[in-house]
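Student: So I've got this file, upload.txt, and it contains compact mmCIF, C-alpha atoms and all ligand atoms:
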```txt
# COMPACT_ATOMS: atom_id res chain seq x y z
CA MET A 19 -14.61 -8.55 16.51
CA SER A 20 -14.06 -8.90 12.77
CA ARG A 21 -11.03 -7.16 11.30
CA THR A 22 -11.01 -4.97 8.22
CA GLY A 23 -8.76 -6.50 5.54
CA VAL A 24 -6.51 -4.04 3.72
CA LEU A 25 -4.21 -5.25 0.93
CA PHE A 26 -1.65 -2.81 -0.51
CA VAL A 27 -0.75 -3.66 -4.11
CA CYS A 28 2.11 -2.63 -6.40
CA LEU A 29 4.01 -4.29 -9.23
CA GLY A 30 6.96 -6.02 -7.56
CA ASN A 31 5.95 -5.95 -3.86
CA ILE A 32 9.44 -4.85 -2.86
CA CYS A 33 9.42 -1.02 -3.04
CA ARG A 34 6.07 0.77 -2.67
CA SER A 35 3.48 -1.62 -1.21
CA PRO A 36 5.74 -2.99 1.58
CA LEU A 37 6.42 0.62 2.55
CA ALA A 38 2.70 1.44 2.53
CA GLU A 39 1.98 -1.67 4.61
CA GLY A 40 4.68 -0.76 7.17
CA ILE A 41 3.60 2.88 7.44
CA PHE A 42 -0.09 1.98 7.78
CA LEU A 43 0.64 -0.56 10.52
CA HIS A 44 2.89 1.94 12.30
CA LEU A 45 0.17 4.62 12.26
CA ALA A 46 -2.53 2.13 13.28
CA ARG A 47 -0.42 0.93 16.23
CA ALA A 48 0.14 4.52 17.35
CA ARG A 49 -3.64 4.98 17.46
CA GLY A 50 -4.25 1.66 19.21
CA LEU A 51 -6.07 0.31 16.14
CA ALA A 52 -3.64 -2.30 14.78
CA GLU A 53 -5.72 -5.24 16.01
CA ARG A 54 -8.73 -3.94 14.08
CA PHE A 55 -7.03 -4.52 10.72
CA ASP A 56 -5.72 -7.47 8.72
CA VAL A 57 -2.97 -5.76 6.69
CA ASP A 58 -0.75 -7.23 3.98
CA SER A 59 0.88 -6.28 0.68
CA CYS A 60 1.46 -8.04 -2.62
CA GLY A 61 2.66 -7.52 -6.18
CA THR A 62 0.86 -8.08 -9.44
CA GLY A 63 4.12 -9.57 -10.79
CA ALA A 64 6.02 -12.60 -9.48
CA TRP A 65 9.67 -11.61 -10.08
CA HIS A 66 10.54 -10.99 -6.42
CA VAL A 67 8.41 -13.57 -4.62
CA GLY A 68 10.04 -14.61 -1.33
CA GLU A 69 12.28 -11.53 -1.09
CA ARG A 70 12.39 -8.94 1.65
CA ALA A 71 11.64 -5.34 0.70
CA ASP A 72 14.17 -3.41 -1.38
CA GLN A 73 17.04 -2.12 0.79
CA ARG A 74 16.15 1.46 -0.15
CA SER A 75 12.61 1.04 1.18
CA ILE A 76 13.91 -0.65 4.32
CA ALA A 77 16.43 2.19 4.83
CA VAL A 78 13.99 5.08 4.39
CA ALA A 79 11.44 3.37 6.64
CA ARG A 80 14.06 2.76 9.32
CA ARG A 81 15.11 6.42 9.24
CA HIS A 82 11.52 7.20 10.22
CA GLY A 83 11.29 4.48 12.87
CA VAL A 84 9.18 2.13 10.73
CA GLU A 85 9.98 -1.58 10.28
CA LEU A 86 8.96 -3.44 7.13
CA PRO A 87 7.80 -7.01 7.84
CA SER A 88 6.97 -7.83 4.24
CA ILE A 89 8.14 -10.91 2.32
CA ALA A 90 7.16 -10.41 -1.31
CA ARG A 91 4.30 -12.41 -2.74
CA GLN A 92 2.06 -12.21 -5.78
CA LEU A 93 -1.62 -11.28 -5.72
CA ASP A 94 -3.61 -14.48 -5.24
CA PRO A 95 -7.11 -14.04 -6.69
CA ALA A 96 -8.23 -17.37 -5.26
CA SER A 97 -7.87 -16.16 -1.67
CA ASP A 98 -7.17 -12.41 -1.60
CA PHE A 99 -10.50 -11.25 -3.05
CA GLU A 100 -12.27 -13.06 -0.24
CA ARG A 101 -9.84 -12.31 2.60
CA PHE A 102 -9.43 -8.55 2.07
CA HIS A 103 -12.04 -5.85 1.90
CA TRP A 104 -9.93 -3.03 0.46
CA PHE A 105 -7.41 -3.26 -2.37
CA ILE A 106 -5.17 -0.21 -2.27
CA ALA A 107 -3.24 0.10 -5.53
CA MET A 108 -0.14 2.24 -5.92
CA ASP A 109 -0.85 3.23 -9.53
CA ARG A 110 -3.38 2.90 -12.32
CA ALA A 111 -1.56 -0.04 -13.91
CA ASN A 112 -1.93 -1.93 -10.62
CA VAL A 113 -5.67 -1.11 -10.60
CA ARG A 114 -6.01 -2.53 -14.12
CA SER A 115 -4.13 -5.70 -13.14
CA ILE A 116 -6.33 -6.24 -10.07
CA LEU A 117 -9.48 -5.82 -12.16
CA THR A 118 -8.16 -8.09 -14.91
CA ALA A 119 -7.51 -10.73 -12.26
CA GLY A 120 -11.20 -10.48 -11.30
CA GLY A 121 -10.93 -8.03 -8.39
CA PRO A 122 -14.08 -6.31 -7.07
CA ARG A 123 -14.13 -2.85 -8.72
CA GLU A 124 -16.06 -1.24 -5.86
CA ARG A 125 -13.37 -2.23 -3.34
CA VAL A 126 -10.30 -1.13 -5.35
CA ARG A 127 -8.83 2.33 -4.68
CA LEU A 128 -5.75 4.32 -5.61
CA MET A 129 -3.44 4.92 -2.65
CA ARG A 130 -3.09 8.65 -3.20
CA SER A 131 -6.84 9.17 -3.49
CA PHE A 132 -6.75 9.13 0.34
CA ASP A 133 -4.30 12.04 0.55
CA PRO A 134 -6.55 14.95 1.66
CA SER A 135 -4.20 17.49 0.05
CA LEU A 136 -4.92 15.90 -3.37
CA ALA A 137 -8.73 15.92 -3.10
CA GLY A 138 -10.38 16.62 -6.43
CA ARG A 139 -7.37 15.70 -8.54
CA GLU A 140 -7.64 13.61 -11.69
CA MET A 141 -6.80 9.90 -11.43
CA SER A 142 -3.78 10.60 -13.62
CA ASP A 143 -2.28 12.77 -10.84
CA LEU A 144 -2.61 10.08 -8.21
CA ASP A 145 -0.01 7.44 -9.14
CA VAL A 146 2.73 6.68 -6.64
CA PRO A 147 5.67 6.59 -9.10
CA ASP A 148 7.53 3.30 -9.46
CA PRO A 149 10.96 3.98 -7.86
CA TYR A 150 12.61 0.64 -8.70
CA ASP A 151 14.93 2.02 -11.39
CA TRP A 152 15.67 5.29 -9.65
CA HIS A 153 19.15 6.33 -8.61
CA GLY A 154 19.68 8.62 -5.66
CA ASP A 155 17.24 9.13 -2.86
CA GLY A 156 13.81 9.54 -4.39
CA PHE A 157 12.64 7.02 -1.84
CA GLU A 158 12.20 9.81 0.71
CA ASP A 159 9.66 11.42 -1.67
CA VAL A 160 7.82 8.10 -2.00
CA TYR A 161 7.84 7.73 1.78
CA GLN A 162 6.27 11.18 2.24
CA MET A 163 3.60 10.46 -0.41
CA LEU A 164 2.72 7.19 1.30
CA LEU A 165 2.72 8.76 4.76
CA SER A 166 0.16 11.42 3.74
CA ALA A 167 -1.99 8.86 1.96
CA CYS A 168 -1.81 6.30 4.79
CA ARG A 169 -2.86 8.97 7.31
CA GLY A 170 -5.88 9.75 5.14
CA LEU A 171 -6.71 6.08 4.64
CA LEU A 172 -6.50 5.38 8.36
CA ASP A 173 -8.75 8.36 9.13
CA VAL A 174 -11.38 7.03 6.70
CA LEU A 175 -11.18 3.44 7.97
CA ALA A 176 -11.15 4.51 11.64
CA ASP A 177 -14.38 6.45 10.98
CA ASP A 178 -15.85 3.32 9.37
CA LEU A 179 -14.98 1.31 12.49
CA GLU A 180 -16.94 3.75 14.63
CA SER A 181 -20.03 3.92 12.43
P1 LIG B 201 7.37 -1.91 -6.70
O1 LIG B 201 8.65 -1.61 -7.61
O2 LIG B 201 6.25 -2.25 -7.65
O3 LIG B 201 7.13 -0.62 -6.00
O4 LIG B 201 7.75 -3.05 -5.78
C1 LIG B 201 9.12 -2.53 -8.56
C2 LIG B 201 9.99 -3.53 -8.17
C3 LIG B 201 10.48 -4.42 -9.10
C4 LIG B 201 10.09 -4.31 -10.42
C5 LIG B 201 9.21 -3.32 -10.82
C6 LIG B 201 8.72 -2.43 -9.88
N1 LIG B 201 10.59 -5.21 -11.39
O5 LIG B 201 10.26 -5.06 -12.57
O6 LIG B 201 11.35 -6.13 -11.05
```
Mind turning the file's structure into structure tokens?
Tutor:
Amino acid sequence: MSRTGVLFVCLGNICRSPLAEGIFLHLARARGLAERFDVDSCGTGAWHVGERADQRSIAVARRHGVELPSIARQLDPASDFERFHWFIAMDRANVRSILTAGGPRERVRLMRSFDPSLAGREMSDLDVPDPYDWHGDGFEDVYQMLLSACRGLLDVLADDLES
């Protein structure tokens, strides 16, 4: 049985995309679908390669019972565009970077475009904000955005598996 490749992409691969990866895997496991997906995350930048997720992402995930397995890496056009089917970008800058690197336009999506409560919104309303420089606990807001979007994404991909 072939698995559907899903790559979550942000800038640094330490705050948003590791959280999206962990939440998606958690939801997929709960539905007995984890083995149907090949899930990973990466950054368009290389600053944090080899690092675990930001402590604030790890902490908010843990509060919700979600573990983050990610070790940061940079998008690798030579292998990622073949290995993964879907490229799920956290914001429009990430989309541009993926396309500039030669990514397949028809398989690149914005993360929040899968949030059913945001259906019909402009692209400009769909960025997951970059929380790296935030102080305080905005990471809970990012978690909730990613949870809604990951639920929507999993619903869409689970339907695809059945059809
Ligand atoms: P992320 O956040 O893209 O959600 O992982 C960032 C992390 C680090 C940097 C930028 C964004 N940075 O410039 O180092």
Student: Could you write out as lines of an AutoDock Vina configuration file the box around ligand LIG 201 (chain B) (axis-aligned, all atoms listed in the file, 8 Å on each side), with centre and edge lengths in Å to one decimal?
Tutor:
```
center_x = 8.8
center_y = -3.4
center_z = -9.2
size_x = 21.1
size_y = 21.5
size_z = 22.8
```
Student: Would you work out the distance separating atom CA of A:Asp148 from atom CA of A:Ile89, expressed in Å to one decimal?
Tutor: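 Between these atoms lies a distance of 18.5 Å.
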Student: One number please: atom CA of A:Asp155 to atom CA of A:Ala71, in Å, one decimal.
Tutor: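 Atom CA of A:Asp155 sits 15.9 Å away from atom CA of A:Ala71.
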Student: List as a PyMOL selection string the protein and nucleic acid residues lying within 6 Å of ligand LIG 201 (chain B), with all atoms listed in the file counted.
Tutor: chain A and resi 28-34+65+148+150
Student: Rank nothing, just name the residue among A:Ala167, A:Met129, A:Met108, A:Val27 nearest to A:Pro147, using all atoms listed in the file.
Tutor: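 Closest candidate: A:Met108.
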Student: Quick one: distance from atom CA of A:Ser20 to atom CA of A:Val57 in Å, one decimal?
Tutor: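 Atom CA of A:Val57 lies at a distance of 13.0 Å from atom CA of A:Ser20.
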Student: Using only C-alpha atoms, which residue out of A:His66, A:His103, A:Arg139, A:Arg54 lies closest to A:Arg123?
Tutor: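 Answer, going by the shortest atom-to-atom distance: A:His103.
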Student: Of the candidates A:Arg81, A:Phe26, A:Gly68, A:Leu51, which one gets nearest to A:Glu180 if we count only C-alpha atoms?
Tutor: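 Among the listed residues, the smallest separation from A:Glu180 belongs to A:Leu51.
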Student: So that I can see what lies close to A:Leu45, please list as a PyMOL selection string the residues with an atom at most 12 Å from it, counting all atoms listed in the file and leaving out residues fewer than 4 positions away in the same chain.
Tutor: chain A and resi 38-41+49-52+55+82-85+164-173+176
Student: With distances taken over only C-alpha atoms, which residue among A:Leu93, A:Leu144, A:Ala79, A:Ala137 lies nearest A:Asp109?
Tutor: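 The closest residue to A:Asp109 is A:Leu144.
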Student: For A:Pro122, which of A:Trp152, A:Tyr161, A:Phe102, A:Phe42 is the closest residue, counting all atoms listed in the file?
Tutor: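 Looking at the shortest contact to A:Pro122, the residue is A:Phe102.
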Student: Do you know which residues are at most 10 Å from A:Met141 counting all atoms listed in the file, after dropping those on the same chain fewer than 6 positions away, and could you put them as a short mmCIF file (atom, residue, chain, number, x, y, z; two decimals) with C-alpha atoms, keeping the file's coordinate frame?
Tutor:
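What landed in out.cif:
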```cif
data_model
loop_
_atom_site.label_atom_id
_atom_site.label_comp_id
_atom_site.auth_asym_id
_atom_site.auth_seq_id
_atom_site.Cartn_x
_atom_site.Cartn_y
_atom_site.Cartn_z
CA ASP A 109 -0.85 3.23 -9.53
CA ARG A 110 -3.38 2.90 -12.32
CA LEU A 128 -5.75 4.32 -5.61
CA ARG A 130 -3.09 8.65 -3.20
CA SER A 131 -6.84 9.17 -3.49
#
```
Student: Check the smallest atom-to-atom distance from each of A:Ala119, A:Met163, A:Leu136, A:Ala90 to A:Gly61 using only C-alpha atoms, then report the winner.
Tutor: A:Ala90
Student: Can you rebuild stretch 27-46 of chain A with N, CA, C and O atoms and give it as a PDB file, in the frame of the given file?
Tutor:
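Contents of the output file rebuild.pdb:
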```
ATOM      1  N   VAL A  27      -1.177  -2.953  -2.894  1.00  0.00           N
ATOM      2  CA  VAL A  27      -0.750  -3.660  -4.110  1.00  0.00           C
ATOM      3  C   VAL A  27       0.130  -2.767  -4.974  1.00  0.00           C
ATOM      4  O   VAL A  27      -0.228  -1.610  -5.265  1.00  0.00           O
ATOM      5  N   CYS A  28       1.299  -3.312  -5.378  1.00  0.00           N
ATOM      6  CA  CYS A  28       2.110  -2.630  -6.400  1.00  0.00           C
ATOM      7  C   CYS A  28       2.546  -3.669  -7.434  1.00  0.00           C
ATOM      8  O   CYS A  28       1.929  -4.733  -7.539  1.00  0.00           O
ATOM      9  N   LEU A  29       3.593  -3.374  -8.170  1.00  0.00           N
ATOM     10  CA  LEU A  29       4.010  -4.290  -9.230  1.00  0.00           C
ATOM     11  C   LEU A  29       4.909  -5.409  -8.684  1.00  0.00           C
ATOM     12  O   LEU A  29       4.627  -6.588  -8.851  1.00  0.00           O
ATOM     13  N   GLY A  30       5.983  -5.022  -8.001  1.00  0.00           N
ATOM     14  CA  GLY A  30       6.960  -6.020  -7.560  1.00  0.00           C
ATOM     15  C   GLY A  30       6.830  -6.461  -6.130  1.00  0.00           C
ATOM     16  O   GLY A  30       7.428  -7.465  -5.736  1.00  0.00           O
ATOM     17  N   ASN A  31       6.089  -5.719  -5.316  1.00  0.00           N
ATOM     18  CA  ASN A  31       5.950  -5.950  -3.860  1.00  0.00           C
ATOM     19  C   ASN A  31       7.299  -5.908  -3.136  1.00  0.00           C
ATOM     20  O   ASN A  31       7.516  -6.629  -2.156  1.00  0.00           O
ATOM     21  N   ILE A  32       8.206  -5.051  -3.621  1.00  0.00           N
ATOM     22  CA  ILE A  32       9.440  -4.850  -2.860  1.00  0.00           C
ATOM     23  C   ILE A  32       9.712  -3.380  -2.546  1.00  0.00           C
ATOM     24  O   ILE A  32      10.467  -3.086  -1.616  1.00  0.00           O
ATOM     25  N   CYS A  33       9.134  -2.438  -3.303  1.00  0.00           N
ATOM     26  CA  CYS A  33       9.420  -1.020  -3.040  1.00  0.00           C
ATOM     27  C   CYS A  33       8.235  -0.298  -2.397  1.00  0.00           C
ATOM     28  O   CYS A  33       8.300   0.104  -1.233  1.00  0.00           O
ATOM     29  N   ARG A  34       7.146  -0.094  -3.135  1.00  0.00           N
ATOM     30  CA  ARG A  34       6.070   0.770  -2.670  1.00  0.00           C
ATOM     31  C   ARG A  34       5.104   0.092  -1.690  1.00  0.00           C
ATOM     32  O   ARG A  34       4.834   0.628  -0.606  1.00  0.00           O
ATOM     33  N   SER A  35       4.531  -1.059  -2.079  1.00  0.00           N
ATOM     34  CA  SER A  35       3.480  -1.620  -1.210  1.00  0.00           C
ATOM     35  C   SER A  35       4.018  -2.115   0.144  1.00  0.00           C
ATOM     36  O   SER A  35       3.297  -1.982   1.154  1.00  0.00           O
ATOM     37  N   PRO A  36       5.256  -2.637   0.238  1.00  0.00           N
ATOM     38  CA  PRO A  36       5.740  -2.990   1.580  1.00  0.00           C
ATOM     39  C   PRO A  36       5.903  -1.746   2.465  1.00  0.00           C
ATOM     40  O   PRO A  36       5.671  -1.795   3.665  1.00  0.00           O
ATOM     41  N   LEU A  37       6.284  -0.631   1.821  1.00  0.00           N
ATOM     42  CA  LEU A  37       6.420   0.620   2.550  1.00  0.00           C
ATOM     43  C   LEU A  37       5.042   1.103   3.022  1.00  0.00           C
ATOM     44  O   LEU A  37       4.876   1.509   4.184  1.00  0.00           O
ATOM     45  N   ALA A  38       4.063   1.055   2.143  1.00  0.00           N
ATOM     46  CA  ALA A  38       2.700   1.440   2.530  1.00  0.00           C
ATOM     47  C   ALA A  38       2.185   0.576   3.669  1.00  0.00           C
ATOM     48  O   ALA A  38       1.607   1.079   4.649  1.00  0.00           O
ATOM     49  N   GLU A  39       2.424  -0.732   3.562  1.00  0.00           N
ATOM     50  CA  GLU A  39       1.980  -1.670   4.610  1.00  0.00           C
ATOM     51  C   GLU A  39       2.633  -1.306   5.951  1.00  0.00           C
ATOM     52  O   GLU A  39       1.955  -1.223   6.990  1.00  0.00           O
ATOM     53  N   GLY A  40       3.964  -1.070   5.929  1.00  0.00           N
ATOM     54  CA  GLY A  40       4.680  -0.760   7.170  1.00  0.00           C
ATOM     55  C   GLY A  40       4.227   0.551   7.770  1.00  0.00           C
ATOM     56  O   GLY A  40       4.039   0.661   8.996  1.00  0.00           O
ATOM     57  N   ILE A  41       4.035   1.562   6.935  1.00  0.00           N
ATOM     58  CA  ILE A  41       3.600   2.880   7.440  1.00  0.00           C
ATOM     59  C   ILE A  41       2.191   2.776   8.018  1.00  0.00           C
ATOM     60  O   ILE A  41       1.911   3.290   9.102  1.00  0.00           O
ATOM     61  N   PHE A  42       1.298   2.097   7.294  1.00  0.00           N
ATOM     62  CA  PHE A  42      -0.090   1.980   7.780  1.00  0.00           C
ATOM     63  C   PHE A  42      -0.125   1.275   9.130  1.00  0.00           C
ATOM     64  O   PHE A  42      -0.806   1.727  10.065  1.00  0.00           O
ATOM     65  N   LEU A  43       0.615   0.183   9.253  1.00  0.00           N
ATOM     66  CA  LEU A  43       0.640  -0.560  10.520  1.00  0.00           C
ATOM     67  C   LEU A  43       1.207   0.306  11.644  1.00  0.00           C
ATOM     68  O   LEU A  43       0.699   0.286  12.776  1.00  0.00           O
ATOM     69  N   HIS A  44       2.256   1.057  11.320  1.00  0.00           N
ATOM     70  CA  HIS A  44       2.890   1.940  12.300  1.00  0.00           C
ATOM     71  C   HIS A  44       1.885   2.988  12.801  1.00  0.00           C
ATOM     72  O   HIS A  44       1.752   3.207  14.015  1.00  0.00           O
ATOM     73  N   LEU A  45       1.160   3.604  11.890  1.00  0.00           N
ATOM     74  CA  LEU A  45       0.170   4.620  12.260  1.00  0.00           C
ATOM     75  C   LEU A  45      -0.988   3.984  13.039  1.00  0.00           C
ATOM     76  O   LEU A  45      -1.482   4.567  14.012  1.00  0.00           O
ATOM     77  N   ALA A  46      -1.407   2.799  12.603  1.00  0.00           N
ATOM     78  CA  ALA A  46      -2.530   2.130  13.280  1.00  0.00           C
ATOM     79  C   ALA A  46      -2.130   1.749  14.708  1.00  0.00           C
ATOM     80  O   ALA A  46      -2.919   1.920  15.648  1.00  0.00           O
TER      81      ALA A  46
END
```
